[in-house]
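Text of data.csv (CSV, C-alpha atoms) as supplied:
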```csv
chain,number,residue,atom,x,y,z
Z,1349,MET,CA,7.4,26.1,2.8
Z,1350,ALA,CA,4.6,28.5,1.8
Z,1351,PRO,CA,5.2,30.8,4.8
Z,1352,ARG,CA,8.8,31.2,3.9
Z,1353,ALA,CA,8.0,31.8,0.3
Z,1354,ALA,CA,5.4,34.4,1.4
Z,1355,ALA,CA,8.0,36.1,3.6
Z,1356,ARG,CA,10.5,36.2,0.8
Z,1357,LEU,CA,8.1,37.7,-1.6
Z,1358,GLU,CA,7.3,40.4,1.0
Z,1359,THR,CA,11.0,41.3,1.2
Z,1360,LEU,CA,10.9,41.7,-2.6
Z,1361,GLY,CA,8.2,44.3,-2.4
Z,1362,PHE,CA,5.0,42.3,-2.7
Z,1363,GLY,CA,2.4,43.9,-0.5
Z,1364,GLN,CA,-0.6,41.5,-0.8
Z,1365,VAL,CA,0.7,38.0,-0.1
Z,1366,HIS,CA,-1.5,35.1,1.1
Z,1367,GLU,CA,-0.7,31.6,2.0
Z,1368,TYR,CA,-3.1,28.8,1.0
Z,1369,ARG,CA,-2.6,26.7,4.1
Z,1370,GLY,CA,-4.3,23.6,2.8
Z,1371,GLY,CA,-2.1,23.6,-0.3
Z,1372,LYS,CA,-2.3,21.3,-3.3
Z,1373,LEU,CA,-3.4,18.4,-1.1
Z,1374,ASP,CA,-6.5,20.2,0.1
Z,1375,TRP,CA,-7.4,21.3,-3.4
Z,1376,MET,CA,-7.0,17.8,-4.9
Z,1377,ALA,CA,-8.8,16.2,-2.0
Z,1378,ALA,CA,-11.8,18.4,-2.7
Z,1379,GLY,CA,-11.9,16.9,-6.2
Z,1380,LEU,CA,-11.1,20.2,-7.9
Z,1381,PRO,CA,-9.4,20.2,-11.3
Z,1382,THR,CA,-5.7,20.6,-11.7
Z,1383,GLU,CA,-3.4,21.2,-14.7
Z,1384,GLY,CA,-0.2,19.2,-15.4
Z,1385,GLU,CA,0.9,15.7,-16.6
Z,1386,ASN,CA,-1.1,13.8,-14.1
Z,1387,SER,CA,-4.3,15.6,-14.9
Z,1388,LEU,CA,-4.3,13.6,-18.2
Z,1389,HIS,CA,-4.7,10.3,-16.3
Z,1390,ALA,CA,-8.1,9.2,-14.9
Z,1391,ARG,CA,-8.5,9.4,-11.2
Z,1392,ALA,CA,-10.9,7.9,-8.6
Z,1393,GLY,CA,-13.1,11.0,-8.7
Z,1394,ASP,CA,-13.5,10.8,-12.4
Z,1395,ALA,CA,-14.8,7.2,-12.4
Z,1396,ALA,CA,-16.8,7.3,-9.2
Z,1397,ARG,CA,-20.5,7.0,-9.9
Z,1398,LYS,CA,-22.0,10.3,-8.7
Z,1399,ASP,CA,-25.6,9.0,-8.9
Z,1400,VAL,CA,-25.2,6.4,-6.2
Z,1401,PRO,CA,-28.3,6.2,-4.0
Z,1402,ILE,CA,-28.1,7.9,-0.6
Z,1403,CYS,CA,-30.1,7.6,2.5
Z,1404,SER,CA,-30.2,8.9,6.1
Z,1405,LEU,CA,-29.6,7.1,9.3
Z,1406,THR,CA,-33.2,7.0,10.3
Z,1407,ASP,CA,-34.6,5.7,7.0
Z,1408,ARG,CA,-36.2,2.2,7.1
Z,1409,LEU,CA,-34.0,-0.4,5.4
Z,1410,GLY,CA,-36.9,-1.9,3.4
Z,1411,ASP,CA,-37.8,1.4,1.9
Z,1412,VAL,CA,-34.2,2.1,1.0
Z,1413,ARG,CA,-33.7,-1.3,-0.5
Z,1414,ASP,CA,-36.8,-0.9,-2.7
Z,1415,ARG,CA,-35.5,2.5,-3.9
Z,1416,VAL,CA,-32.0,1.2,-4.6
Z,1417,LYS,CA,-33.3,-1.9,-6.5
Z,1418,ALA,CA,-35.7,0.2,-8.5
Z,1419,ALA,CA,-32.8,2.5,-9.6
Z,1420,GLY,CA,-30.8,-0.6,-10.7
Z,1421,TRP,CA,-28.2,-0.4,-7.9
Z,1422,ASP,CA,-26.8,-2.9,-5.5
Z,1423,ALA,CA,-25.4,-0.4,-3.0
Z,1424,ALA,CA,-26.2,2.8,-1.2
Z,1425,LEU,CA,-24.5,5.3,1.1
Z,1426,ALA,CA,-25.8,6.7,4.4
Z,1427,VAL,CA,-24.9,10.4,4.6
Z,1428,ASP,CA,-25.7,13.3,7.0
Z,1429,GLY,CA,-27.3,16.6,6.0
Z,1430,GLU,CA,-24.0,17.9,4.7
Z,1431,GLY,CA,-23.3,14.9,2.6
Z,1432,VAL,CA,-20.7,13.4,4.9
Z,1433,VAL,CA,-20.5,9.6,4.5
Z,1434,LEU,CA,-21.5,7.7,7.6
Z,1435,GLY,CA,-22.1,4.2,6.4
Z,1436,LEU,CA,-22.1,1.9,3.4
Z,1437,LEU,CA,-24.8,-0.6,2.4
Z,1438,ARG,CA,-23.8,-3.3,0.0
Z,1439,SER,CA,-25.9,-6.3,-1.0
Z,1440,LYS,CA,-25.3,-8.0,2.3
Z,1441,GLU,CA,-26.5,-5.1,4.4
Z,1442,LEU,CA,-29.4,-4.4,2.1
Z,1443,ALA,CA,-30.6,-8.0,2.6
Z,1444,LYS,CA,-31.1,-7.6,6.3
Z,1445,ASP,CA,-34.4,-7.2,8.2
Z,1446,PRO,CA,-36.4,-4.6,6.2
Z,1447,ASP,CA,-37.7,-3.0,9.5
Z,1448,LEU,CA,-34.2,-2.1,10.7
Z,1449,ARG,CA,-33.2,1.6,10.6
Z,1450,ILE,CA,-30.3,2.3,8.3
Z,1451,GLU,CA,-28.0,3.0,11.3
Z,1452,GLN,CA,-28.7,-0.5,12.5
Z,1453,ALA,CA,-28.0,-2.2,9.2
Z,1454,MET,CA,-25.2,-0.2,7.6
Z,1455,ARG,CA,-21.5,-0.9,7.6
Z,1456,PRO,CA,-20.4,2.1,9.7
Z,1457,GLY,CA,-17.3,4.2,8.9
Z,1458,PRO,CA,-16.3,2.6,5.7
Z,1459,SER,CA,-12.8,3.2,4.3
Z,1460,THR,CA,-12.9,6.0,1.8
Z,1461,PHE,CA,-10.6,7.3,-0.9
Z,1462,ARG,CA,-9.7,10.7,-2.1
Z,1463,PRO,CA,-10.8,11.8,-5.6
Z,1464,TYR,CA,-7.2,12.5,-6.8
Z,1465,VAL,CA,-5.9,8.9,-6.3
Z,1466,SER,CA,-5.1,7.4,-9.7
Z,1467,LEU,CA,-7.4,4.7,-11.1
Z,1468,HIS,CA,-4.4,2.5,-11.7
Z,1469,GLU,CA,-3.6,2.6,-8.0
Z,1470,MET,CA,-7.2,2.1,-7.0
Z,1471,ALA,CA,-7.6,-0.9,-9.3
Z,1472,HIS,CA,-4.6,-2.6,-7.7
Z,1473,PHE,CA,-5.7,-1.8,-4.2
Z,1474,MET,CA,-9.3,-2.9,-4.8
Z,1475,GLU,CA,-8.1,-6.2,-6.4
Z,1476,GLU,CA,-5.6,-6.9,-3.6
Z,1477,HIS,CA,-8.2,-6.2,-0.9
Z,1478,ASP,CA,-11.1,-7.7,-2.8
Z,1479,LEU,CA,-13.2,-4.6,-2.6
Z,1480,GLU,CA,-16.2,-4.6,-5.0
Z,1481,SER,CA,-16.8,-0.9,-4.4
Z,1482,SER,CA,-15.4,2.0,-2.4
Z,1483,PRO,CA,-16.8,5.4,-1.5
Z,1484,VAL,CA,-14.8,8.4,-2.8
Z,1485,THR,CA,-15.0,11.4,-0.5
Z,1486,THR,CA,-13.4,14.8,-0.1
Z,1487,SER,CA,-11.0,15.4,2.7
Z,1488,ASP,CA,-13.9,16.6,4.9
Z,1489,GLY,CA,-15.8,13.4,4.3
Z,1490,LYS,CA,-18.3,14.6,1.8
Z,1491,LEU,CA,-19.5,12.1,-0.8
Z,1492,VAL,CA,-18.1,12.4,-4.3
Z,1493,GLY,CA,-19.4,9.0,-5.5
Z,1494,LEU,CA,-19.0,5.3,-5.4
Z,1495,LEU,CA,-16.2,3.7,-7.3
Z,1496,TYR,CA,-16.7,0.1,-8.6
Z,1497,ARG,CA,-13.7,-2.1,-8.9
Z,1498,ALA,CA,-14.9,-3.1,-12.4
Z,1499,ASP,CA,-14.7,0.6,-13.4
Z,1500,ALA,CA,-11.3,1.1,-11.8
Z,1501,VAL,CA,-9.9,-2.0,-13.5
Z,1502,ARG,CA,-11.4,-1.2,-16.9
Z,1503,LEU,CA,-10.2,2.4,-16.9
Z,1504,GLY,CA,-7.1,2.2,-14.7
Z,1505,MET,CA,-5.3,-0.9,-15.9
Z,1506,PRO,CA,-4.1,-1.4,-19.5
Z,1507,PRO,CA,-5.5,-4.5,-21.2
Z,1508,LYS,CA,-3.1,-7.5,-21.0
Q,1349,MET,CA,2.5,40.4,6.8
Q,1350,SER,CA,1.1,37.6,4.7
Q,1351,SER,CA,-2.3,36.1,5.7
Q,1352,PRO,CA,-3.4,32.4,5.7
Q,1353,ILE,CA,-6.4,31.7,3.6
Q,1354,ASP,CA,-8.6,28.6,3.0
Q,1355,ARG,CA,-9.9,27.2,-0.3
Q,1356,ASP,CA,-13.0,29.4,-0.5
Q,1357,GLN,CA,-11.0,32.5,0.1
Q,1358,LEU,CA,-8.5,31.4,-2.6
Q,1359,GLN,CA,-11.2,31.0,-5.1
Q,1360,ASN,CA,-12.7,34.4,-4.3
Q,1361,LEU,CA,-9.3,36.1,-4.5
Q,1362,VAL,CA,-8.4,34.4,-7.8
Q,1363,ALA,CA,-11.8,35.5,-9.2
Q,1364,GLN,CA,-10.7,39.0,-8.2
Q,1365,GLY,CA,-7.4,38.7,-10.1
Q,1366,ALA,CA,-5.0,37.2,-7.6
Q,1367,GLN,CA,-2.0,35.3,-8.9
Q,1368,LEU,CA,-1.3,31.7,-7.9
Q,1369,LEU,CA,2.2,30.7,-7.2
Q,1370,GLU,CA,3.4,27.1,-6.5
Q,1371,VAL,CA,6.7,27.0,-4.6
Q,1372,LEU,CA,7.3,23.2,-4.7
Q,1373,PRO,CA,10.1,21.8,-6.9
Q,1374,ALA,CA,9.4,22.1,-10.6
Q,1375,ASP,CA,8.9,18.4,-11.2
Q,1376,GLU,CA,6.0,18.4,-8.7
Q,1377,TYR,CA,4.5,21.4,-10.5
Q,1378,ARG,CA,4.8,19.6,-13.8
Q,1379,GLU,CA,2.8,16.7,-12.4
Q,1380,ASP,CA,-0.1,18.7,-10.9
Q,1381,HIS,CA,-0.8,22.3,-10.1
Q,1382,LEU,CA,-3.7,24.5,-9.5
Q,1383,PRO,CA,-5.3,25.9,-12.7
Q,1384,GLY,CA,-3.4,29.0,-13.8
Q,1385,ALA,CA,-0.6,28.7,-11.2
Q,1386,ARG,CA,2.9,29.7,-12.0
Q,1387,SER,CA,5.9,27.8,-10.7
Q,1388,ILE,CA,8.8,29.4,-8.8
Q,1389,PRO,CA,10.4,26.8,-6.4
Q,1390,LEU,CA,11.1,28.2,-3.0
Q,1391,SER,CA,14.9,28.0,-3.5
Q,1392,GLN,CA,14.6,30.0,-6.7
Q,1393,ILE,CA,12.6,32.9,-5.4
Q,1394,ASP,CA,14.7,36.1,-6.0
Q,1395,ARG,CA,14.3,39.5,-7.5
Q,1396,GLU,CA,14.7,38.1,-11.0
Q,1397,SER,CA,12.3,35.2,-10.9
Q,1398,ALA,CA,9.7,37.3,-9.0
Q,1399,ALA,CA,9.7,39.8,-11.8
Q,1400,ALA,CA,7.4,37.3,-13.6
Q,1401,LEU,CA,4.7,38.3,-11.1
Q,1402,ASP,CA,2.8,41.6,-10.8
Q,1403,ALA,CA,3.7,43.2,-7.5
Q,1404,ASN,CA,0.6,45.3,-7.6
Q,1405,ARG,CA,-1.7,42.3,-7.5
Q,1406,ALA,CA,-2.3,39.9,-4.7
Q,1407,VAL,CA,-0.2,36.7,-4.8
Q,1408,ILE,CA,-1.3,33.4,-3.3
Q,1409,VAL,CA,1.5,31.0,-2.5
Q,1410,TYR,CA,1.0,27.3,-1.8
Q,1411,CYS,CA,2.9,24.1,-1.5
Q,1412,TRP,CA,1.7,20.6,-0.9
Q,1413,ASP,CA,0.0,21.0,2.5
Q,1414,MET,CA,0.5,23.0,5.7
Q,1415,ALA,CA,4.2,22.3,6.0
```

When written as structure tokens, how does the structure in this file appear?
Amino acid sequence: MAPRAAARLETLGFGQVHEYRGGKLDWMAAGLPTEGENSLHARAGDAARKDVPICSLTDRLGDVRDRVKAAGWDAALAVDGEGVVLGLLRSKELAKDPDLRIEQAMRPGPSTFRPYVSLHEMAHFMEEHDLESSPVTTSDGKLVGLLYRADAVRLGMPPK
Amino acid sequence: MSSPIDRDQLQNLVAQGAQLLEVLPADEYREDHLPGARSIPLSQIDRESAAALDANRAVIVYCWDMA
């Protein structure tokens, strides 16, 4: 659609026309702000906790667990040097042998969600699938934050 | 001929004064659009509607994705 629009504008005398190939999907998946009716509603990226502890694949599990607990968390995310999510550690994974490396203990390749998904939708999905928390990432896999079901339900579902 | 750009290039061009144009149907624009974007659905682009744009400045068109 954008190439045809660009071509049409050129026929109308516009000399500097560019096509944003990624489009609105790419923009929103990067967690960037939008305008419009939906921008008034909370989304996954708004409620995801940005201060979730992170660690690398080669960290020792016991060290990460101590750091996570000291910070008052019950989960952590393993990321690479670019912030791309590689694994998730919830309570179950954090309770494993402290001498394991993170890559041996983590839940690899966790399901992730894009920041633009509405909290209402997230709340229903997380309840249906019994997810206590879910990583929110950009389309290129970079961590935005960890969304807790309790936050999604509190902010995304009207009180009964 | 128009040129394809990515998100970083878009942000640079907008900072330099480029105009953003969403060409999706108007109801999709109402729901969500890039900050500062105008709406002219593809089927409505003609000399009259395009007059709302400045032909002397760069225009960045976009839709939902690569389609």

- Top pick for closest residue to chain Q, considering Z:Leu1434, Z:Ala1423, Z:Tyr1464, Z:Leu1503 and counting only C-alpha atoms: Z:Tyr1464

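Interface residues of chain Q facing chain Z, defined by any atom at most 6 Å away and using only C-alpha atoms, are Ser1350, Ser1351, Pro1352, Ile1353, Asp1354, Arg1378, Glu1379, Asp1380, His1381, Leu1382, Pro1383, Leu1390, Ala1403, Ala1406, Val1407, Ile1408, Val1409, Tyr1410, Cys1411, Trp1412, Asp1413, Met1414 and Ala1415 of chain Q.
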
- Note on the structure: Computed gap from CA of Glu1469 in chain Z to CA of Asp1422 in chain Z is 24.0 Å

- Residues at most 10 Å from range 1440-1443 of chain Z, counting all atoms listed in the file, excluding those fewer than 4 positions away in the same chain, as a VMD selection string? chain Z and resid 1409 to 1410 1412 to 1414 1416 to 1417 1422 to 1424 1436 1450 1452 to 1455

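Here CA of Ser1439 in chain Z is placed at a distance of 18.1 Å from CA of Thr1460 in chain Z.
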
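Neighbouring residues of Ser1397 in chain Q at 12 Å or closer, counting only C-alpha atoms and skipping chain neighbours under 2 positions away, are Arg1356, Leu1357 and Leu1360 of chain Z; Leu1369, Val1371, Arg1386, Ser1387, Ile1388, Pro1389, Leu1390, Ser1391, Gln1392, Ile1393, Asp1394, Arg1395, Ala1399, Ala1400, Leu1401 and Asp1402 of chain Q.
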
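Interatomic distance, CA of His1468 in chain Z against CA of Arg1397 in chain Z: 16.8 Å.
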
Please fill the gaps in range 1451-1464 of chain Z so it has N, CA and C atoms, and write that as a PDB file, in the coordinates of the input.
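The resulting file, part30.pdb, is reproduced below:
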```
ATOM      1  N   GLU Z1451     -29.127   3.010  10.359  1.00  0.00           N
ATOM      2  CA  GLU Z1451     -28.000   3.000  11.300  1.00  0.00           C
ATOM      3  C   GLU Z1451     -27.751   1.664  11.919  1.00  0.00           C
ATOM      4  N   GLN Z1452     -28.795   0.814  11.948  1.00  0.00           N
ATOM      5  CA  GLN Z1452     -28.700  -0.500  12.500  1.00  0.00           C
ATOM      6  C   GLN Z1452     -28.135  -1.525  11.489  1.00  0.00           C
ATOM      7  N   ALA Z1453     -28.347  -1.201  10.225  1.00  0.00           N
ATOM      8  CA  ALA Z1453     -28.000  -2.200   9.200  1.00  0.00           C
ATOM      9  C   ALA Z1453     -26.724  -1.865   8.436  1.00  0.00           C
ATOM     10  N   MET Z1454     -26.329  -0.614   8.426  1.00  0.00           N
ATOM     11  CA  MET Z1454     -25.200  -0.200   7.600  1.00  0.00           C
ATOM     12  C   MET Z1454     -23.856  -0.708   8.112  1.00  0.00           C
ATOM     13  N   ARG Z1455     -22.885  -0.693   7.235  1.00  0.00           N
ATOM     14  CA  ARG Z1455     -21.500  -0.900   7.600  1.00  0.00           C
ATOM     15  C   ARG Z1455     -20.961   0.493   7.993  1.00  0.00           C
ATOM     16  N   PRO Z1456     -20.773   0.775   9.287  1.00  0.00           N
ATOM     17  CA  PRO Z1456     -20.400   2.100   9.700  1.00  0.00           C
ATOM     18  C   PRO Z1456     -18.938   2.459   9.364  1.00  0.00           C
ATOM     19  N   GLY Z1457     -18.674   3.744   9.117  1.00  0.00           N
ATOM     20  CA  GLY Z1457     -17.300   4.200   8.900  1.00  0.00           C
ATOM     21  C   GLY Z1457     -16.520   3.456   7.887  1.00  0.00           C
ATOM     22  N   PRO Z1458     -17.048   3.314   6.686  1.00  0.00           N
ATOM     23  CA  PRO Z1458     -16.300   2.600   5.700  1.00  0.00           C
ATOM     24  C   PRO Z1458     -15.019   3.308   5.258  1.00  0.00           C
ATOM     25  N   SER Z1459     -14.053   2.532   4.797  1.00  0.00           N
ATOM     26  CA  SER Z1459     -12.800   3.200   4.300  1.00  0.00           C
ATOM     27  C   SER Z1459     -13.207   3.988   3.049  1.00  0.00           C
ATOM     28  N   THR Z1460     -12.628   5.153   2.965  1.00  0.00           N
ATOM     29  CA  THR Z1460     -12.900   6.000   1.800  1.00  0.00           C
ATOM     30  C   THR Z1460     -11.615   6.413   1.139  1.00  0.00           C
ATOM     31  N   PHE Z1461     -11.741   6.875  -0.081  1.00  0.00           N
ATOM     32  CA  PHE Z1461     -10.600   7.300  -0.900  1.00  0.00           C
ATOM     33  C   PHE Z1461     -10.769   8.668  -1.391  1.00  0.00           C
ATOM     34  N   ARG Z1462      -9.657   9.348  -1.618  1.00  0.00           N
ATOM     35  CA  ARG Z1462      -9.700  10.700  -2.100  1.00  0.00           C
ATOM     36  C   ARG Z1462      -9.870  10.725  -3.632  1.00  0.00           C
ATOM     37  N   PRO Z1463     -10.489  11.755  -4.171  1.00  0.00           N
ATOM     38  CA  PRO Z1463     -10.800  11.800  -5.600  1.00  0.00           C
ATOM     39  C   PRO Z1463      -9.509  11.832  -6.486  1.00  0.00           C
ATOM     40  N   TYR Z1464      -8.379  12.281  -5.926  1.00  0.00           N
ATOM     41  CA  TYR Z1464      -7.200  12.500  -6.800  1.00  0.00           C
ATOM     42  C   TYR Z1464      -6.373  11.179  -6.934  1.00  0.00           C
TER      43      TYR Z1464
END
```
